[in-house]
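*Asks:* Contents of work05.cif (mmCIF, C-alpha atoms) are below:
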```
data_upload
loop_
_atom_site.group_PDB
_atom_site.id
_atom_site.type_symbol
_atom_site.label_atom_id
_atom_site.label_comp_id
_atom_site.auth_asym_id
_atom_site.auth_seq_id
_atom_site.Cartn_x
_atom_site.Cartn_y
_atom_site.Cartn_z
ATOM 1 C CA MET A 623 -101.590 92.016 -71.930
ATOM 2 C CA ALA A 624 -100.300 89.071 -69.868
ATOM 3 C CA ARG A 625 -96.893 89.420 -68.242
ATOM 4 C CA TRP A 626 -94.321 87.101 -66.765
ATOM 5 C CA THR A 627 -92.216 88.435 -63.873
ATOM 6 C CA ALA A 628 -89.294 86.913 -61.991
ATOM 7 C CA LYS A 629 -88.492 88.589 -58.688
ATOM 8 C CA LEU A 630 -84.751 88.411 -58.205
ATOM 9 C CA GLN A 631 -82.710 89.586 -55.275
ATOM 10 C CA ASP A 632 -81.842 92.966 -56.763
ATOM 11 C CA ARG A 633 -84.429 93.455 -59.531
ATOM 12 C CA ASP A 634 -87.408 92.093 -61.382
ATOM 13 C CA ILE A 635 -87.316 90.650 -64.898
ATOM 14 C CA THR A 636 -90.569 91.065 -66.832
ATOM 15 C CA ILE A 637 -91.697 90.114 -70.319
ATOM 16 C CA THR A 638 -95.131 90.052 -71.936
ATOM 17 C CA THR A 639 -96.596 86.884 -73.407
ATOM 18 C CA GLU A 640 -96.216 88.474 -76.842
ATOM 19 C CA GLY A 641 -92.563 89.251 -76.127
ATOM 20 C CA LEU A 642 -92.042 85.679 -74.964
ATOM 21 C CA ASP A 643 -93.629 84.386 -78.195
ATOM 22 C CA ALA A 644 -91.228 86.519 -80.254
ATOM 23 C CA PHE A 645 -88.295 85.386 -78.107
ATOM 24 C CA LYS A 646 -88.953 81.659 -78.481
ATOM 25 C CA THR A 647 -89.412 81.809 -82.257
ATOM 26 C CA ARG A 648 -85.852 83.170 -82.509
ATOM 27 C CA PHE A 649 -84.609 79.796 -81.260
ATOM 28 C CA VAL A 650 -87.138 77.222 -82.491
ATOM 29 C CA ARG A 651 -88.884 77.200 -85.842
ATOM 30 C CA ASP A 652 -90.481 73.761 -85.459
ATOM 31 C CA GLU A 653 -94.114 74.488 -84.521
ATOM 32 C CA GLU A 654 -94.697 70.937 -83.289
ATOM 33 C CA LEU A 655 -91.745 71.175 -80.880
ATOM 34 C CA LEU A 656 -92.846 74.633 -79.762
ATOM 35 C CA SER A 657 -96.300 73.233 -78.969
ATOM 36 C CA ARG A 658 -94.666 70.927 -76.405
ATOM 37 C CA MET A 659 -92.798 73.707 -74.601
ATOM 38 C CA SER A 660 -94.673 75.542 -71.865
ATOM 39 C CA GLU A 661 -94.580 79.304 -71.545
ATOM 40 C CA SER A 662 -93.078 78.863 -68.080
ATOM 41 C CA TRP A 663 -90.237 76.858 -69.664
ATOM 42 C CA TRP A 664 -89.545 79.678 -72.118
ATOM 43 C CA PHE A 665 -89.711 82.227 -69.325
ATOM 44 C CA HIS A 666 -87.111 80.191 -67.442
ATOM 45 C CA VAL A 667 -84.866 80.287 -70.556
ATOM 46 C CA PHE A 668 -85.420 84.050 -70.907
ATOM 47 C CA VAL A 669 -84.531 84.731 -67.258
ATOM 48 C CA HIS A 670 -81.362 82.652 -67.534
ATOM 49 C CA MET A 671 -80.336 84.627 -70.601
ATOM 50 C CA ILE A 672 -80.980 88.029 -68.971
ATOM 51 C CA GLU A 673 -79.714 87.255 -65.471
ATOM 52 C CA PHE A 674 -76.815 84.900 -66.146
ATOM 53 C CA GLY A 675 -75.892 85.500 -69.781
ATOM 54 C CA ILE A 676 -76.668 81.915 -70.773
ATOM 55 C CA ASP A 677 -77.194 81.602 -74.500
ATOM 56 C CA PRO A 678 -80.595 79.968 -75.152
ATOM 57 C CA ALA A 679 -78.881 77.969 -77.913
ATOM 58 C CA GLU A 680 -76.929 76.145 -75.174
ATOM 59 C CA ILE A 681 -80.210 75.142 -73.555
ATOM 60 C CA MET A 682 -81.728 74.195 -76.896
ATOM 61 C CA ASP A 683 -78.741 71.915 -77.571
ATOM 62 C CA ALA A 684 -79.880 69.814 -74.606
ATOM 63 C CA VAL A 685 -83.470 69.799 -75.916
ATOM 64 C CA TYR A 686 -82.383 68.726 -79.394
ATOM 65 C CA ASN A 687 -80.225 66.043 -77.829
ATOM 66 C CA VAL A 688 -83.227 64.705 -75.875
ATOM 67 C CA GLU A 689 -85.408 64.918 -78.982
ATOM 68 C CA ALA A 690 -82.834 62.857 -80.917
ATOM 69 C CA SER A 691 -82.795 60.182 -78.161
ATOM 70 C CA GLU A 692 -79.389 61.421 -77.012
ATOM 71 C CA PRO A 693 -77.077 60.090 -79.724
ATOM 72 C CA HIS A 694 -74.206 62.073 -78.194
ATOM 73 C CA SER A 695 -73.937 64.530 -75.390
ATOM 74 C CA ASP A 696 -71.138 65.987 -73.324
ATOM 75 C CA VAL A 697 -73.440 66.196 -70.323
ATOM 76 C CA LYS A 698 -75.067 63.567 -68.193
ATOM 77 C CA PRO A 699 -77.859 61.624 -69.891
ATOM 78 C CA ALA A 700 -81.462 62.504 -69.108
ATOM 79 C CA THR A 701 -82.789 60.739 -66.030
ATOM 80 C CA ASP A 702 -86.122 60.528 -64.320
ATOM 81 C CA PHE A 703 -86.662 62.056 -60.921
ATOM 82 C CA LYS A 704 -86.391 59.503 -58.131
ATOM 83 C CA ASP A 705 -88.863 61.347 -55.890
ATOM 84 C CA MET A 706 -92.224 59.640 -56.411
ATOM 85 C CA SER A 707 -93.978 63.030 -56.321
ATOM 86 C CA PHE A 708 -92.312 63.775 -59.653
ATOM 87 C CA LYS A 709 -92.318 60.299 -61.179
ATOM 88 C CA ALA A 710 -93.652 61.664 -64.491
ATOM 89 C CA LEU A 711 -90.759 64.112 -64.834
ATOM 90 C CA TRP A 712 -87.295 63.771 -66.319
ATOM 91 C CA HIS A 713 -84.376 66.170 -66.307
ATOM 92 C CA LYS A 714 -81.486 66.748 -68.667
ATOM 93 C CA HIS A 715 -78.499 68.860 -67.723
ATOM 94 C CA TYR A 716 -77.297 71.543 -70.079
ATOM 95 C CA PHE A 717 -73.874 73.056 -69.875
ATOM 96 C CA SER A 718 -72.740 76.641 -70.005
ATOM 97 C CA ALA A 719 -69.337 78.069 -69.139
ATOM 98 C CA ARG A 720 -71.140 79.720 -66.232
ATOM 99 C CA TYR A 721 -71.112 76.329 -64.525
ATOM 100 C CA LEU A 722 -67.343 75.805 -64.653
ATOM 101 C CA PRO A 723 -66.931 76.712 -60.962
ATOM 102 C CA LYS A 724 -69.033 73.642 -60.108
ATOM 103 C CA ILE A 725 -66.401 71.448 -61.736
ATOM 104 C CA PHE A 726 -63.452 72.821 -59.797
ATOM 105 C CA PRO A 727 -64.485 71.702 -56.288
ATOM 106 C CA ALA A 728 -63.064 68.331 -57.408
ATOM 107 C CA LEU A 729 -59.771 70.040 -56.588
ATOM 108 C CA GLY A 730 -60.926 70.617 -53.002
ATOM 109 C CA GLY A 731 -59.268 69.572 -49.798
ATOM 110 C CA ASN A 732 -55.523 69.371 -50.219
ATOM 111 C CA ARG A 733 -55.670 68.307 -53.873
ATOM 112 C CA LEU A 734 -55.184 71.814 -55.240
ATOM 113 C CA LYS A 735 -52.350 72.603 -52.824
ATOM 114 C CA ASN A 736 -50.661 69.285 -53.597
ATOM 115 C CA MET A 737 -50.991 69.911 -57.333
ATOM 116 C CA VAL A 738 -49.486 73.412 -57.021
ATOM 117 C CA ASP A 739 -46.651 72.089 -54.848
ATOM 118 C CA GLU A 740 -45.920 69.266 -57.303
ATOM 119 C CA ILE A 741 -46.015 71.373 -60.455
ATOM 120 C CA LEU A 742 -44.185 74.374 -59.022
ATOM 121 C CA ASP A 743 -41.609 72.204 -57.251
ATOM 122 C CA PRO A 744 -38.458 74.340 -56.899
ATOM 123 C CA VAL A 745 -36.343 71.424 -58.120
ATOM 124 C CA LYS A 746 -38.359 71.236 -61.337
ATOM 125 C CA TYR A 747 -38.758 75.013 -61.717
ATOM 126 C CA PRO A 748 -36.185 76.958 -59.666
ATOM 127 C CA VAL A 749 -37.736 80.056 -61.239
ATOM 128 C CA ILE A 750 -41.407 80.238 -62.075
ATOM 129 C CA THR A 751 -41.575 80.475 -65.844
ATOM 130 C CA PRO A 752 -44.422 80.933 -68.324
ATOM 131 C CA GLN A 753 -44.088 77.194 -69.019
ATOM 132 C CA ALA A 754 -44.634 76.411 -65.304
ATOM 133 C CA ILE A 755 -47.689 78.676 -65.173
ATOM 134 C CA ASP A 756 -49.050 77.058 -68.352
ATOM 135 C CA GLU A 757 -48.559 73.570 -66.877
ATOM 136 C CA LEU A 758 -50.339 74.626 -63.677
ATOM 137 C CA ALA A 759 -53.213 76.231 -65.590
ATOM 138 C CA GLN A 760 -53.640 73.082 -67.690
ATOM 139 C CA ALA A 761 -53.702 70.853 -64.600
ATOM 140 C CA ILE A 762 -56.127 73.038 -62.664
ATOM 141 C CA ALA A 763 -58.451 74.446 -65.316
ATOM 142 C CA THR A 764 -58.268 72.468 -68.524
ATOM 143 C CA LEU A 765 -57.765 68.837 -67.501
ATOM 144 C CA PRO A 766 -60.703 68.613 -65.028
ATOM 145 C CA VAL A 767 -63.067 70.004 -67.677
ATOM 146 C CA GLU A 768 -61.708 67.684 -70.369
ATOM 147 C CA LYS A 769 -62.030 64.682 -68.042
ATOM 148 C CA ARG A 770 -65.651 65.453 -67.143
ATOM 149 C CA ASP A 771 -66.386 66.029 -70.825
ATOM 150 C CA ALA A 772 -64.789 62.704 -71.830
ATOM 151 C CA ASP A 773 -66.715 60.934 -69.048
ATOM 152 C CA GLY A 774 -69.998 62.547 -70.175
ATOM 153 C CA LYS A 775 -70.365 64.208 -66.782
ATOM 154 C CA MET A 776 -70.574 67.889 -67.617
ATOM 155 C CA THR A 777 -73.254 69.438 -65.475
ATOM 156 C CA GLY A 778 -75.308 72.574 -65.232
ATOM 157 C CA GLU A 779 -78.934 73.569 -64.901
ATOM 158 C CA TRP A 780 -81.761 71.294 -65.912
ATOM 159 C CA VAL A 781 -84.180 71.081 -68.765
ATOM 160 C CA ILE A 782 -87.245 69.495 -67.151
ATOM 161 C CA PHE A 783 -89.637 67.455 -69.238
ATOM 162 C CA ALA A 784 -92.294 64.773 -69.116
ATOM 163 C CA LYS A 785 -92.608 61.879 -71.524
ATOM 164 C CA HIS A 786 -96.045 61.154 -72.882
ATOM 165 C CA GLY A 787 -97.208 59.365 -76.010
ATOM 166 C CA GLY A 788 -93.691 59.087 -77.408
ATOM 167 C CA ARG A 789 -93.097 62.837 -77.089
ATOM 168 C CA ASN A 790 -91.326 65.087 -74.598
ATOM 169 C CA TYR A 791 -93.151 68.005 -72.982
ATOM 170 C CA TYR A 792 -90.951 70.746 -71.507
ATOM 171 C CA VAL A 793 -91.960 72.554 -68.328
ATOM 172 C CA GLY A 794 -90.413 75.500 -66.522
ATOM 173 C CA ARG A 795 -88.345 75.101 -63.428
ATOM 174 C CA GLN A 796 -90.091 77.055 -60.780
ATOM 175 C CA ASP A 797 -90.509 75.738 -57.289
ATOM 176 C CA ASP A 798 -91.253 72.047 -56.864
ATOM 177 C CA GLN A 799 -94.879 72.582 -55.861
ATOM 178 C CA VAL A 800 -95.611 74.684 -58.961
ATOM 179 C CA ILE A 801 -94.142 71.968 -61.208
ATOM 180 C CA PHE A 802 -96.073 69.281 -59.349
ATOM 181 C CA ASP A 803 -99.334 71.246 -59.646
ATOM 182 C CA THR A 804 -98.677 71.896 -63.357
ATOM 183 C CA ILE A 805 -98.198 68.213 -64.021
ATOM 184 C CA LYS A 806 -101.182 67.153 -61.900
ATOM 185 C CA THR A 807 -103.573 69.526 -63.647
ATOM 186 C CA SER A 808 -102.410 69.086 -67.235
ATOM 187 C CA GLU A 809 -103.777 66.248 -69.338
ATOM 188 C CA ALA A 810 -100.681 66.446 -71.537
ATOM 189 C CA TYR A 811 -98.527 65.211 -68.672
ATOM 190 C CA LEU A 812 -100.700 62.382 -67.370
#
```
Here is a file; write its structure as structure tokens.
*Replies:*
Amino acid sequence: MARWTAKLQDRDITITTEGLDAFKTRFVRDEELLSRMSESWWFHVFVHMIEFGIDPAEIMDAVYNVEASEPHSDVKPATDFKDMSFKALWHKHYFSARYLPKIFPALGGNRLKNMVDEILDPVKYPVITPQAIDELAQAIATLPVEKRDADGKMTGEWVIFAKHGGRNYYVGRQDDQVIFDTIKTSEAYL
């Protein structure tokens, strides 16, 4: 019985090929689409669910968006890799709440301090009230997310795929050399 194993810092995550088959059919019923998704891609999805609590449906939203030629997406559009070693590969971000901390560095430097000082100005709020806290929370947490969403710049992990014959073929994100070797040795990706 074949097994897939991810060696993480504090533990290993393992699933059999049969378990992976059962897992993927919970999220995709379209056999033709499933035929274009590598086992390593599904293992990547499985590991992200187990290790980080990312709902595979969030990842599949990005896939369905790519499959529909991206009619609308809150995340960045799919782009090809600029590195010539991976010229056959594209990537599409998917978003999960897990990635919110990546959005907040936009408040780095003195921006956060300045925002707190401005909103909690003692002249405006001599006493810190629930309204002041709500205004601060909106400015720090809600507005940056809404702006990135409106700009189509939500970010997260990648769905990696190759385009061939008018179809998209999804590959797992392992290390760069493994992806490169997979593409080089697979007729589907040439």
*Asks:* Evaluate the PyMOL selection byres ((chain A and resi 712) around 9) here and jot the selected residues down as a PyMOL selection string.
*Replies:* chain A and resi 700-703+708-711+713-714+781-785
*Asks:* Quick one: apply the PyMOL selection byres ((chain A and resi 716) around 6) to the file and drop the selected residues here as a tab-separated table (two decimals) with C-alpha atoms, in the coordinates of the input.
*Replies:*
```
chain	number	residue	atom	x	y	z
A	681	ILE	CA	-80.21	75.14	-73.56
A	684	ALA	CA	-79.88	69.81	-74.61
A	715	HIS	CA	-78.50	68.86	-67.72
A	717	PHE	CA	-73.87	73.06	-69.88
A	778	GLY	CA	-75.31	72.57	-65.23
A	779	GLU	CA	-78.93	73.57	-64.90
```
*Asks:* Could you tell me which residues the PyMOL selection byres ((chain A and resi 635-651) around 6) returns for this structure, as number ranges by chain?
*Replies:* A: 624-628, 634, 652
*Asks:* Counting all atoms listed in the file, figure out which residue out of A:Ser718, A:Thr751, A:Asn736, A:Ser662 gets nearest to Gly675 of chain A.
*Replies:* A:Ser718
*Asks:* My list of candidates is A:Leu758, A:Val749, A:Leu630, A:Val688. Which is closest to Asn790 of chain A when distances are computed with all atoms listed in the file?
*Replies:*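 Closest to Asn790 of chain A of all the choices is A:Val688.
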*Asks:* Take segment 646-657 of chain A, model all heavy atoms, and hand the result over as a PDB file, in the coordinates of the input.
*Replies:*
```pdb
ATOM      1  N   LYS A 646     -89.117  83.098 -78.235  1.00  0.00           N
ATOM      2  CA  LYS A 646     -88.953  81.659 -78.481  1.00  0.00           C
ATOM      3  C   LYS A 646     -88.848  81.326 -79.971  1.00  0.00           C
ATOM      4  O   LYS A 646     -88.147  80.389 -80.339  1.00  0.00           O
ATOM      5  CB  LYS A 646     -90.060  80.849 -77.807  1.00  0.00           C
ATOM      6  CG  LYS A 646     -91.441  81.062 -78.346  1.00  0.00           C
ATOM      7  CD  LYS A 646     -92.460  80.312 -77.488  1.00  0.00           C
ATOM      8  CE  LYS A 646     -93.863  80.555 -77.929  1.00  0.00           C
ATOM      9  NZ  LYS A 646     -94.832  79.922 -77.039  1.00  0.00           N
ATOM     10  N   THR A 647     -89.499  82.108 -80.820  1.00  0.00           N
ATOM     11  CA  THR A 647     -89.412  81.809 -82.257  1.00  0.00           C
ATOM     12  C   THR A 647     -88.052  82.174 -82.839  1.00  0.00           C
ATOM     13  O   THR A 647     -87.725  81.761 -83.941  1.00  0.00           O
ATOM     14  CB  THR A 647     -90.534  82.496 -83.060  1.00  0.00           C
ATOM     15  OG1 THR A 647     -90.474  83.899 -82.847  1.00  0.00           O
ATOM     16  CG2 THR A 647     -91.892  81.950 -82.666  1.00  0.00           C
ATOM     17  N   ARG A 648     -87.231  82.917 -82.081  1.00  0.00           N
ATOM     18  CA  ARG A 648     -85.852  83.170 -82.509  1.00  0.00           C
ATOM     19  C   ARG A 648     -84.996  81.917 -82.395  1.00  0.00           C
ATOM     20  O   ARG A 648     -83.979  81.795 -83.046  1.00  0.00           O
ATOM     21  CB  ARG A 648     -85.223  84.276 -81.650  1.00  0.00           C
ATOM     22  CG  ARG A 648     -85.809  85.638 -81.920  1.00  0.00           C
ATOM     23  CD  ARG A 648     -85.296  86.712 -80.984  1.00  0.00           C
ATOM     24  NE  ARG A 648     -83.885  86.624 -80.680  1.00  0.00           N
ATOM     25  CZ  ARG A 648     -83.348  87.136 -79.575  1.00  0.00           C
ATOM     26  NH1 ARG A 648     -84.107  87.749 -78.690  1.00  0.00           N
ATOM     27  NH2 ARG A 648     -82.054  87.047 -79.357  1.00  0.00           N
ATOM     28  N   PHE A 649     -85.433  80.972 -81.549  1.00  0.00           N
ATOM     29  CA  PHE A 649     -84.609  79.796 -81.260  1.00  0.00           C
ATOM     30  C   PHE A 649     -85.196  78.485 -81.768  1.00  0.00           C
ATOM     31  O   PHE A 649     -84.460  77.516 -81.917  1.00  0.00           O
ATOM     32  CB  PHE A 649     -84.344  79.710 -79.757  1.00  0.00           C
ATOM     33  CG  PHE A 649     -83.612  80.914 -79.262  1.00  0.00           C
ATOM     34  CD1 PHE A 649     -84.294  81.952 -78.648  1.00  0.00           C
ATOM     35  CD2 PHE A 649     -82.250  81.052 -79.461  1.00  0.00           C
ATOM     36  CE1 PHE A 649     -83.636  83.086 -78.228  1.00  0.00           C
ATOM     37  CE2 PHE A 649     -81.577  82.181 -79.048  1.00  0.00           C
ATOM     38  CZ  PHE A 649     -82.267  83.207 -78.431  1.00  0.00           C
ATOM     39  N   VAL A 650     -86.507  78.458 -82.006  1.00  0.00           N
ATOM     40  CA  VAL A 650     -87.138  77.222 -82.491  1.00  0.00           C
ATOM     41  C   VAL A 650     -88.128  77.587 -83.583  1.00  0.00           C
ATOM     42  O   VAL A 650     -89.021  78.411 -83.374  1.00  0.00           O
ATOM     43  CB  VAL A 650     -87.880  76.474 -81.358  1.00  0.00           C
ATOM     44  CG1 VAL A 650     -88.567  75.229 -81.885  1.00  0.00           C
ATOM     45  CG2 VAL A 650     -86.924  76.107 -80.240  1.00  0.00           C
ATOM     46  N   ARG A 651     -87.977  76.960 -84.716  1.00  0.00           N
ATOM     47  CA  ARG A 651     -88.884  77.200 -85.842  1.00  0.00           C
ATOM     48  C   ARG A 651     -89.890  76.062 -86.001  1.00  0.00           C
ATOM     49  O   ARG A 651     -90.889  76.200 -86.670  1.00  0.00           O
ATOM     50  CB  ARG A 651     -88.084  77.344 -87.130  1.00  0.00           C
ATOM     51  CG  ARG A 651     -87.067  78.464 -87.072  1.00  0.00           C
ATOM     52  CD  ARG A 651     -87.416  79.560 -88.040  1.00  0.00           C
ATOM     53  NE  ARG A 651     -86.374  80.565 -88.107  1.00  0.00           N
ATOM     54  CZ  ARG A 651     -86.433  81.703 -87.441  1.00  0.00           C
ATOM     55  NH1 ARG A 651     -87.433  81.963 -86.669  1.00  0.00           N
ATOM     56  NH2 ARG A 651     -85.463  82.587 -87.556  1.00  0.00           N
ATOM     57  N   ASP A 652     -89.630  74.941 -85.362  1.00  0.00           N
ATOM     58  CA  ASP A 652     -90.481  73.761 -85.459  1.00  0.00           C
ATOM     59  C   ASP A 652     -91.727  73.959 -84.590  1.00  0.00           C
ATOM     60  O   ASP A 652     -91.661  73.895 -83.361  1.00  0.00           O
ATOM     61  CB  ASP A 652     -89.682  72.534 -85.007  1.00  0.00           C
ATOM     62  CG  ASP A 652     -90.457  71.242 -85.056  1.00  0.00           C
ATOM     63  OD1 ASP A 652     -91.707  71.260 -85.112  1.00  0.00           O
ATOM     64  OD2 ASP A 652     -89.803  70.178 -85.029  1.00  0.00           O
ATOM     65  N   GLU A 653     -92.862  74.213 -85.238  1.00  0.00           N
ATOM     66  CA  GLU A 653     -94.114  74.488 -84.521  1.00  0.00           C
ATOM     67  C   GLU A 653     -94.535  73.326 -83.629  1.00  0.00           C
ATOM     68  O   GLU A 653     -95.062  73.526 -82.546  1.00  0.00           O
ATOM     69  CB  GLU A 653     -95.235  74.834 -85.503  1.00  0.00           C
ATOM     70  CG  GLU A 653     -95.082  76.193 -86.150  1.00  0.00           C
ATOM     71  CD  GLU A 653     -95.165  77.338 -85.147  1.00  0.00           C
ATOM     72  OE1 GLU A 653     -95.956  77.267 -84.180  1.00  0.00           O
ATOM     73  OE2 GLU A 653     -94.417  78.319 -85.332  1.00  0.00           O
ATOM     74  N   GLU A 654     -94.305  72.099 -84.092  1.00  0.00           N
ATOM     75  CA  GLU A 654     -94.697  70.937 -83.289  1.00  0.00           C
ATOM     76  C   GLU A 654     -93.888  70.888 -82.002  1.00  0.00           C
ATOM     77  O   GLU A 654     -94.427  70.664 -80.921  1.00  0.00           O
ATOM     78  CB  GLU A 654     -94.517  69.648 -84.114  1.00  0.00           C
ATOM     79  CG  GLU A 654     -95.200  68.418 -83.517  1.00  0.00           C
ATOM     80  CD  GLU A 654     -94.402  67.770 -82.403  1.00  0.00           C
ATOM     81  OE1 GLU A 654     -93.158  67.789 -82.465  1.00  0.00           O
ATOM     82  OE2 GLU A 654     -95.017  67.245 -81.456  1.00  0.00           O
ATOM     83  N   LEU A 655     -92.577  71.134 -82.086  1.00  0.00           N
ATOM     84  CA  LEU A 655     -91.745  71.175 -80.880  1.00  0.00           C
ATOM     85  C   LEU A 655     -92.173  72.330 -79.984  1.00  0.00           C
ATOM     86  O   LEU A 655     -92.326  72.158 -78.772  1.00  0.00           O
ATOM     87  CB  LEU A 655     -90.263  71.290 -81.247  1.00  0.00           C
ATOM     88  CG  LEU A 655     -89.279  71.411 -80.080  1.00  0.00           C
ATOM     89  CD1 LEU A 655     -89.386  70.224 -79.129  1.00  0.00           C
ATOM     90  CD2 LEU A 655     -87.852  71.563 -80.604  1.00  0.00           C
ATOM     91  N   LEU A 656     -92.398  73.483 -80.554  1.00  0.00           N
ATOM     92  CA  LEU A 656     -92.846  74.633 -79.762  1.00  0.00           C
ATOM     93  C   LEU A 656     -94.144  74.340 -79.010  1.00  0.00           C
ATOM     94  O   LEU A 656     -94.324  74.792 -77.885  1.00  0.00           O
ATOM     95  CB  LEU A 656     -93.043  75.863 -80.654  1.00  0.00           C
ATOM     96  CG  LEU A 656     -91.799  76.664 -80.991  1.00  0.00           C
ATOM     97  CD1 LEU A 656     -92.119  77.739 -82.021  1.00  0.00           C
ATOM     98  CD2 LEU A 656     -91.185  77.278 -79.750  1.00  0.00           C
ATOM     99  N   SER A 657     -95.023  73.548 -79.615  1.00  0.00           N
ATOM    100  CA  SER A 657     -96.300  73.233 -78.969  1.00  0.00           C
ATOM    101  C   SER A 657     -96.114  72.374 -77.721  1.00  0.00           C
ATOM    102  O   SER A 657     -97.021  72.272 -76.901  1.00  0.00           O
ATOM    103  CB  SER A 657     -97.242  72.524 -79.950  1.00  0.00           C
ATOM    104  OG  SER A 657     -96.837  71.179 -80.162  1.00  0.00           O
TER     105      SER A 657
END
```
